[in-house]
Structures are given as C-alpha cells and as structure tokens.
Amino acid sequence: QNLEFCKKVLLVVFLTTLFQVASGWNIHTYNSSNFFDEFTFFTADDRTLGYVNYVSRQEAERGGLINTRNNKVYIGADYTNVASGRGRNAIRITSNKAFNSGIFVLSLEHMPTGCGTWPAYWLSDWPNWPINGEVDIIEGVNRNAIDKTTLHSTEGCLQNDVPNSSFTG
C-alpha cells in the first residue's frame with residue numbers, strides 16, 4: 001500500500017514537471033559548445049583562506065585545466081607543478097545566469113577525491129549569502145567517499161526532516 005502511494009506521488013511530480021516545462025519553463029543547457037561562455041571565472045583570494053590560486057579562463061586554458069574535447073567539459077586542478085604563492089592553480093566558476101527556481105541536473109563522469117580537493121556543486125545567492133541561503137548538492141572534501149547535503153542559512157532554518165543517512169551517488 002505504501003509503495004502504491006509512492007508511485008502515485010512520483011507520477012504526480014513527473015506530470016507536474018512535464019506540465020511546467022510545457023507551460024513556459026525555459027530549458028537551459030550547458031554543454032561543451034557553450035559551457036565556459038556561460039560562467040565567470042572567480043580569481044580573487046579564497047574567502048576560506050584555502051591554499052588555492054583561482055585562475056582566469058585564459059590561464060586555465062593555457063595550463064590545461066579546462067577543455068571541451070570529445071564533446072565533454074573537463075575541469076581540473078594543476079597536478080603537475082609544486083604549489084607556491086597563493087597556492088595550487090584551480091578553477092572556481094559562477095553561472096552568468098541566475099535562477100529563481102528550477103530542476104537542476106548534473107551528469108558527472110568523474111569527480112576528484114584526495115588530499116586537498118574540494119569539488120562542489122552549489123546553489124546560492126552569493127551576494128546575499130547566507131541570508132538567502134546556500135544548498136550544497138555536492139561537496140566532496142579531501143578523501144571523503146560520502147556526500148551529504150548541506151543547507152546554509154540564517155538562524156531558525158532547519159533541515160530536521162532530512163534522513164540521517166549517507167548518500168554515495
């Protein structure tokens with residue numbers, strides 16, 4: 001009986017999503033033909049004081065940190081040079097387009113792990129953070145093998161209904 005209820009709920013969510021797309025929702029796709037044109041490269045110092053040097057698009061292309069070969073988007077960190085100065089060369093990008101709502105889908109072939117890595121996929125109103133919140137969909141730090149959702153907000157906003165279990169993909 002519970003399974004039947006869940007199936008009905010999923011069907012309603014699916015049909016509602018189809019209706020919303022058909023009734024005027026815009027579908028915006030990022031792919032290898034437009035990806036790096038749709039984002040701004042952050043190059044300032046890291047707010048969390050990490051040992052990282054965020055580089056521009058031009059520096060990233062020259063250093064082999066980004067490319068769009070084989071119809072795929074590649075973003076990586078410098079793993080060949082010894083870090084110095086501000087830290088290891090890396091990429092941090094922000095979408096040029098702001099969204100008030102939506103369904104966000106990310107398809108990954110590989111996400112790095114290991115000492116010093118911090119691959120992340122966040123939704124945030126950065127200029128008004130944390131007042132308008134931040135949802136960390138993916139945030140893999142160092143050698144973590146498990147991803148957990150994180151909700152950053154102001155006092156009083158809770159995530160108590162989220163199951164206390166691990167999500168591994």
# chains A, B, ... in the order shown; residues from 1 in each chain; ligands from 1
>>> select_by_dssp(residues="stretch 8-152 of chain A", states="helix (DSSP H, G or I)", output="ChimeraX atom specification")
/A:8-22,35-38,57-62,69-71,126-128
>>> residues_around(residues="A:Thr68", least_positions_apart="4", cutoff="8 Å", atoms="only C-alpha atoms", output="number ranges by chain")
A: 32-33, 72-74
>>> residues_around(residues="A:Arg143", least_positions_apart="4", cutoff="12 Å", atoms="only C-alpha atoms", output="PyMOL selection string")
chain A and resi 111-119+139+147
>>> atom_distance(atom1="atom CA of A:Val105", atom2="atom CA of A:Asp125")
18.4 Å
>>> atom_distance(atom1="atom CA of A:Glu38", atom2="atom CA of A:Ala98")
11.0 Å
>>> closest_residue(among="A:Lys97, A:His152, A:His110, A:Arg88", to="A:Tyr54", atoms="only C-alpha atoms")
A:Arg88
>>> select_by_dssp(residues="stretch 41-152 of chain A", states="strand (DSSP E or B)", output="mmCIF file with N, CA and C atoms, in the first residue's frame")
data_model
loop_
_atom_site.group_PDB
_atom_site.id
_atom_site.type_symbol
_atom_site.label_atom_id
_atom_site.label_comp_id
_atom_site.auth_asym_id
_atom_site.auth_seq_id
_atom_site.Cartn_x
_atom_site.Cartn_y
_atom_site.Cartn_z
ATOM 1 N N PHE A 41 34.800 33.213 -14.319
ATOM 2 C CA PHE A 41 35.892 32.603 -13.555
ATOM 3 C C PHE A 41 36.244 33.506 -12.378
ATOM 4 N N VAL A 52 44.934 28.047 -2.340
ATOM 5 C CA VAL A 52 44.485 27.856 -3.713
ATOM 6 C C VAL A 52 44.634 29.164 -4.475
ATOM 7 N N ASN A 53 44.974 29.048 -5.739
ATOM 8 C CA ASN A 53 45.086 30.183 -6.636
ATOM 9 C C ASN A 53 44.061 30.004 -7.749
ATOM 10 N N TYR A 54 42.901 30.635 -7.602
ATOM 11 C CA TYR A 54 41.875 30.539 -8.635
ATOM 12 C C TYR A 54 42.327 31.328 -9.857
ATOM 13 N N ILE A 66 41.248 23.352 -18.194
ATOM 14 C CA ILE A 66 39.914 23.218 -18.772
ATOM 15 C C ILE A 66 40.043 22.879 -20.248
ATOM 16 N N ASN A 67 39.062 22.157 -20.767
ATOM 17 C CA ASN A 67 38.945 21.941 -22.208
ATOM 18 C C ASN A 67 37.567 21.365 -22.519
ATOM 19 N N TYR A 74 35.833 19.420 -19.451
ATOM 20 C CA TYR A 74 36.828 18.986 -18.469
ATOM 21 C C TYR A 74 37.221 20.189 -17.622
ATOM 22 N N ILE A 75 37.184 20.004 -16.304
ATOM 23 C CA ILE A 75 37.675 20.999 -15.351
ATOM 24 C C ILE A 75 38.574 20.253 -14.377
ATOM 25 N N SER A 84 52.863 27.162 -5.070
ATOM 26 C CA SER A 84 53.608 28.222 -4.402
ATOM 27 C C SER A 84 52.734 29.477 -4.373
ATOM 28 N N GLY A 87 48.879 29.425 -3.765
ATOM 29 C CA GLY A 87 48.508 28.016 -3.690
ATOM 30 C C GLY A 87 48.400 27.368 -5.050
ATOM 31 N N ARG A 88 47.826 26.177 -5.069
ATOM 32 C CA ARG A 88 47.689 25.398 -6.300
ATOM 33 C C ARG A 88 46.680 26.047 -7.236
ATOM 34 N N ASN A 89 47.030 26.093 -8.532
ATOM 35 C CA ASN A 89 46.106 26.633 -9.529
ATOM 36 C C ASN A 89 44.873 25.753 -9.625
ATOM 37 N N ALA A 90 43.702 26.385 -9.603
ATOM 38 C CA ALA A 90 42.440 25.657 -9.636
ATOM 39 C C ALA A 90 41.360 26.538 -10.251
ATOM 40 N N ILE A 93 34.065 28.632 -10.712
ATOM 41 C CA ILE A 93 33.223 29.334 -11.679
ATOM 42 C C ILE A 93 31.837 29.601 -11.093
ATOM 43 N N THR A 94 31.206 30.640 -11.616
ATOM 44 C CA THR A 94 29.854 31.014 -11.214
ATOM 45 C C THR A 94 29.030 31.227 -12.464
ATOM 46 N N SER A 95 27.826 30.698 -12.475
ATOM 47 C CA SER A 95 26.933 30.847 -13.618
ATOM 48 C C SER A 95 26.634 32.316 -13.884
ATOM 49 N N ALA A 120 32.762 20.784 -5.844
ATOM 50 C CA ALA A 120 31.483 21.190 -5.275
ATOM 51 C C ALA A 120 30.519 21.645 -6.358
ATOM 52 N N TYR A 121 29.234 21.486 -6.067
ATOM 53 C CA TYR A 121 28.133 21.954 -6.911
ATOM 54 C C TYR A 121 27.130 22.582 -5.962
ATOM 55 N N TRP A 122 27.079 23.917 -5.949
ATOM 56 C CA TRP A 122 26.263 24.656 -5.004
ATOM 57 C C TRP A 122 25.210 25.475 -5.726
ATOM 58 N N LEU A 123 24.113 25.740 -5.058
ATOM 59 C CA LEU A 123 23.130 26.721 -5.492
ATOM 60 C C LEU A 123 23.106 27.788 -4.407
ATOM 61 N N SER A 124 23.337 29.042 -4.808
ATOM 62 C CA SER A 124 23.453 30.092 -3.811
ATOM 63 C C SER A 124 23.155 31.456 -4.415
ATOM 64 N N GLU A 134 22.161 28.771 0.927
ATOM 65 C CA GLU A 134 23.023 28.025 0.008
ATOM 66 C C GLU A 134 22.680 26.556 0.183
ATOM 67 N N VAL A 135 22.531 25.861 -0.928
ATOM 68 C CA VAL A 135 22.305 24.424 -0.889
ATOM 69 C C VAL A 135 23.520 23.774 -1.538
ATOM 70 N N ASP A 136 24.233 22.971 -0.779
ATOM 71 C CA ASP A 136 25.366 22.223 -1.306
ATOM 72 C C ASP A 136 24.837 20.876 -1.773
ATOM 73 N N ILE A 137 24.788 20.693 -3.084
ATOM 74 C CA ILE A 137 24.304 19.447 -3.656
ATOM 75 C C ILE A 137 25.435 18.425 -3.655
ATOM 76 N N ILE A 138 26.607 18.871 -4.050
ATOM 77 C CA ILE A 138 27.818 18.042 -3.984
ATOM 78 C C ILE A 138 28.885 18.867 -3.300
ATOM 79 N N GLU A 139 29.506 18.294 -2.309
ATOM 80 C CA GLU A 139 30.649 18.930 -1.677
ATOM 81 C C GLU A 139 31.530 17.803 -1.153
ATOM 82 N N ASP A 147 28.980 11.818 0.158
ATOM 83 C CA ASP A 147 28.495 13.178 0.009
ATOM 84 C C ASP A 147 27.259 13.344 0.869
ATOM 85 N N THR A 150 24.063 19.826 2.402
ATOM 86 C CA THR A 150 24.268 20.841 3.417
ATOM 87 C C THR A 150 23.391 22.030 3.068
ATOM 88 N N LEU A 151 22.766 22.594 4.048
ATOM 89 C CA LEU A 151 21.945 23.772 3.869
ATOM 90 C C LEU A 151 22.512 24.875 4.749
ATOM 91 N N HIS A 152 22.976 25.958 4.125
ATOM 92 C CA HIS A 152 23.460 27.121 4.870
ATOM 93 C C HIS A 152 22.366 28.165 4.846
#
>>> atom_distance(atom1="atom CA of A:Phe36", atom2="atom CA of A:Arg92")
11.5 Å
